[in-house]
Structures are given as structure tokens and as C-alpha cells.
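**Q** Could you have a look at this structure, given as C-alpha cells, before my questions?
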Amino acid sequence: MQKIVLMGECMLELRQAKDGLMNQSFAGDTFNTAVYMKRIFAQQDIAFMTDVGQDTISQQMVEACSAEHLNNQHISAKSDSNPGIYLVQTDEQGERSFLYWRDSSAAKQVMQYVDQTAIEALCKTDLFFFSGISIAILEPQDRIAFWSMIGQLKEAGVKIGFDPNYRPRLWNGPDEAKAEFAKAYSASDILLPGVDDFKQLYNIETLEDILAFCTPFDIKELVLKNGPESVYCQLDGQLTHVAITPVSQVVDTTSAGDSFNGVYLGARLSGLNVTSSIELAAASAAIVIQHPGAIAP
Ligand code: ADP
């Protein structure tokens, strides 16, 4: 059994239903990744790491993790803050828009509750995964603690996985994101970006340019997603290409990349090769995008 920890923010997702009511669920990129990984690879020990508060929504969030059979050992429930919330609205043309209330969410404080004992427990895991959103929500002083923790995990031999998931509004400008991402690329054993991340942040989008950009970071395994287009993986310098069969009835692409990441990482840790792992991950993402919301039934 492998042990995987995924760190980040889970939020209360409110979704307008046709009858004027609100559907309530829980979602957030690394949480979604953890859920889909555990659903397919039930034998692995998968933990979601975050901080929650003392309120009933926080309790329900922890219960949602338990309901998905995630290990809650790395969830601190010490904050006085509440979870973040986002509201998904769909207009008459089917266009979705998102409103967020997350500036003071408990998850932002996660590093304040990570002591040396917690780091020692993390050092015994096989893979630690985080995203650009996981770093963006941290206060500057907590980022120092975060990178120190990542350094200790690497020294202990824990593999590091990262998806940039660039969200401009969470950063104080692109330069801040670039500086933090450079640290994440340097630390990464497995990098799972989307072409969009590179297009938005560095204005590059061809495979050649992205591979050239990543070369100095010496990343062992780079998996490049591009929506319904091909997935490429460069493992130890060897390039693999897998074609994607586009889904004709896309309902909601939320969580496509997250579910892909979860299933890909679970597959690789379970010993599958790159091609089989991409095929399984793409098949899972294709199911997810045919359902509304981040977490499919
Ligand atoms: P992200 O959410 O990180 O931007 P992508 O949009 O690149 O992720 O999608 C991740 C994966 O989801 C793709 O590699 C592909 O396997 C699957 N996917 C996304 N959109 C489609 C689609 N229209 N048809 C089939 N598969 C899709």
C-alpha cells in the first residue's frame, strides 16, 4: 500500500438548481484529485491535508472526506475561520460563472498547524501532491514554512507532484506566481500542467516550447494535458503521446484536470506504465465532464 497526501483547499460548492434551490457539495482542485484517486485505487492510503474550523460546515467537510474513504489524519481542525464558499451560476445560454468567498478561509492557515511531528509523519509518505492554488492561498510567511517542509520531504525521499492550475486572481500579479511556480517545478518529480497554464502565464503553448521551458528544472515525469487534444508525457527524456477521444456531450468541464491527475497518479503508483495510466485517467475525466459539478456520482 502506498501513502499519498494531497494538500489544498476544499470549499463549500453552491450550485443553482432549476427549482431555485441551491445544491450543496464540497469541492476544490486537490480535494477532487484525492477523491477520484481513492475511488479508483481504493487499496491506497490517500489523505487530504487542509485546515478547517469549528463550525458545522467544517464538520460536514470532514465527513465528506470520510464518506470518500480519505484518510483525515492530516486535517487540522484548529482554526477559528470557516471554509471558503463558491457559487456556480448558469445563465440562459448555459454559460457558467463563479463567485468566491474564500479570502479568510480556514484552509489558508494550514501551515500554521504543521509542526515537526506533522512533518515527520509526512516524511513517511510516498507522494506529496499540491497545486498552484495550494500555494496561492498561503500568506507569505506560511509559504516560507511550506517550502521548508517540501525540502524536508524531498530529503526524506518523498516524491513531489505538482499541477500549476494557474488562477490569476489568486496572485498579486504574474511575477509572484512565476517565482512560486519556479520553486515548485524545481521540487517536482511529477509535473501535471495544462497547456493553458503555460499560455496564460508565459505566453508559450507549443509542445516544443513547453518542453524547452521545463528542461532546466530537470523534472523526471512531465504530463501535459490539453483538453480534448492529445496528452504528452516525457519520462526520463522519453516522449509518449496518447490521443484523446473528444466527448461529444460535454456537460461541465469542472474537475477534468483534477480527476485526470488523481487517476494518473494512482495508476503510476500502482505500477501501471505511462500509456495505460494516461488512458485510464482520460477515460475517468471523460466520465467526469459528462456530469455537472466537480464530483461526479
Ligand atoms: P485542466 O482542467 O487542467 O485544464 P484539461 O482541460 O486539459 O485539464 O483536461 C484534462 C483532461 O480531461 C484531458 O487531458 C482529457 O483527458 C480530458 N478532457 C478534457 N476535455 C475533454 C473533452 N472535451 N473530451 C474528452 N476528454 C476531455
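Each chain of the C-alpha cells is named A, B, ... in the order shown, its residues numbered from 1; ligands are numbered from 1 in display order.
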What's around A:Pro246 at 10 Å? Count only C-alpha atoms, leave out sequence neighbours fewer than 4 positions away in its own chain, and write the answer as a ChimeraX atom specification.

**A** /A:227-230,250,282,286

**Q** Show me, as a PyMOL selection string, the residues that have an atom within 9 Å of stretch 132-147 of chain A when counting only C-alpha atoms, minus same-chain residues fewer than 3 positions from it.

**A** chain A and resi 7-9+29-30+102-103+105+107-112+114+150-152+162-167+170-171+177+180-181+183-184

**Q** Skip stretch 254-261 of chain A itself and residues of its chain fewer than 3 positions away, then list as a ChimeraX atom specification all residues within 7 Å of it, counting only C-alpha atoms.

**A** /A:29-30,32-33,36,192,264-265,281-282,284-285,288-289,293-294

**Q** What's around A:Gln238 at 10 Å? Count only C-alpha atoms, leave out sequence neighbours fewer than 3 positions away in its own chain, and write the answer as an MDAnalysis selection string.

**A** chainID A and resid 220:221 233:235

**Q** Of the residues A:Ile75, A:Ala121, A:Ile278, A:Ala47, which is the one nearest to A:Leu222, using only C-alpha atoms?

**A**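 The closest residue to A:Leu222 is A:Ile278.
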
**Q** Let's see if you can do this: from backbone DSSP, list all strand (DSSP E) residues in stretch 37-210 of chain A, as a count of residues only.

**A** 33

**Q** To one decimal place in Å, what is the distance between atom CA of A:Gln54 and atom CA of A:Asp80?

**A**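 These two atoms are separated by 6.5 Å.
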
**Q** In Å, rounded to a single decimal, give me how far atom CA of A:Met22 is from atom CA of A:Gln59.

**A**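 A separation of 19.5 Å between them.
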
**Q** Rounded to one decimal in Å, what is the spacing between atom CA of A:Gly237 and atom CA of A:Thr275?

**A**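 Spanning atom CA of A:Gly237 to atom CA of A:Thr275 is a straight-line distance of 15.1 Å.
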
**Q** For the structure I just gave you, how does DSSP split stretch 35-167 of chain A - specifically, which residues are alpha helix (DSSP H)? Reply as an MDAnalysis selection string.

**A** chainID A and resid 35:40 56:67 116:122 132:136 140:155

**Q** So, counting only C-alpha atoms and all ligand atoms, which residue among A:Ser66, A:Ser188, A:Gln290, A:Thr215 is closest to ligand 1?

**A** A:Gln290

**Q** Measuring between only C-alpha atoms, which one of A:Ile190, A:Val247, A:Leu14, A:Leu70 shows the shortest distance to A:Arg268?

**A**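 Residue with the minimum atom-to-atom distance to A:Arg268: A:Ile190.
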
**Q** Excluding same-chain residues fewer than 5 positions from A:Ala106, what lies within 8 Å of it counting only C-alpha atoms, as a PyMOL selection string?

**A** chain A and resi 51-53+79-84

**Q** When you count only C-alpha atoms, which of these residues is closest to A:Phe31: A:Ile160, A:Leu211, A:Leu12, A:Leu87?

**A**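 Under the stated criterion, the closest residue is A:Leu12.
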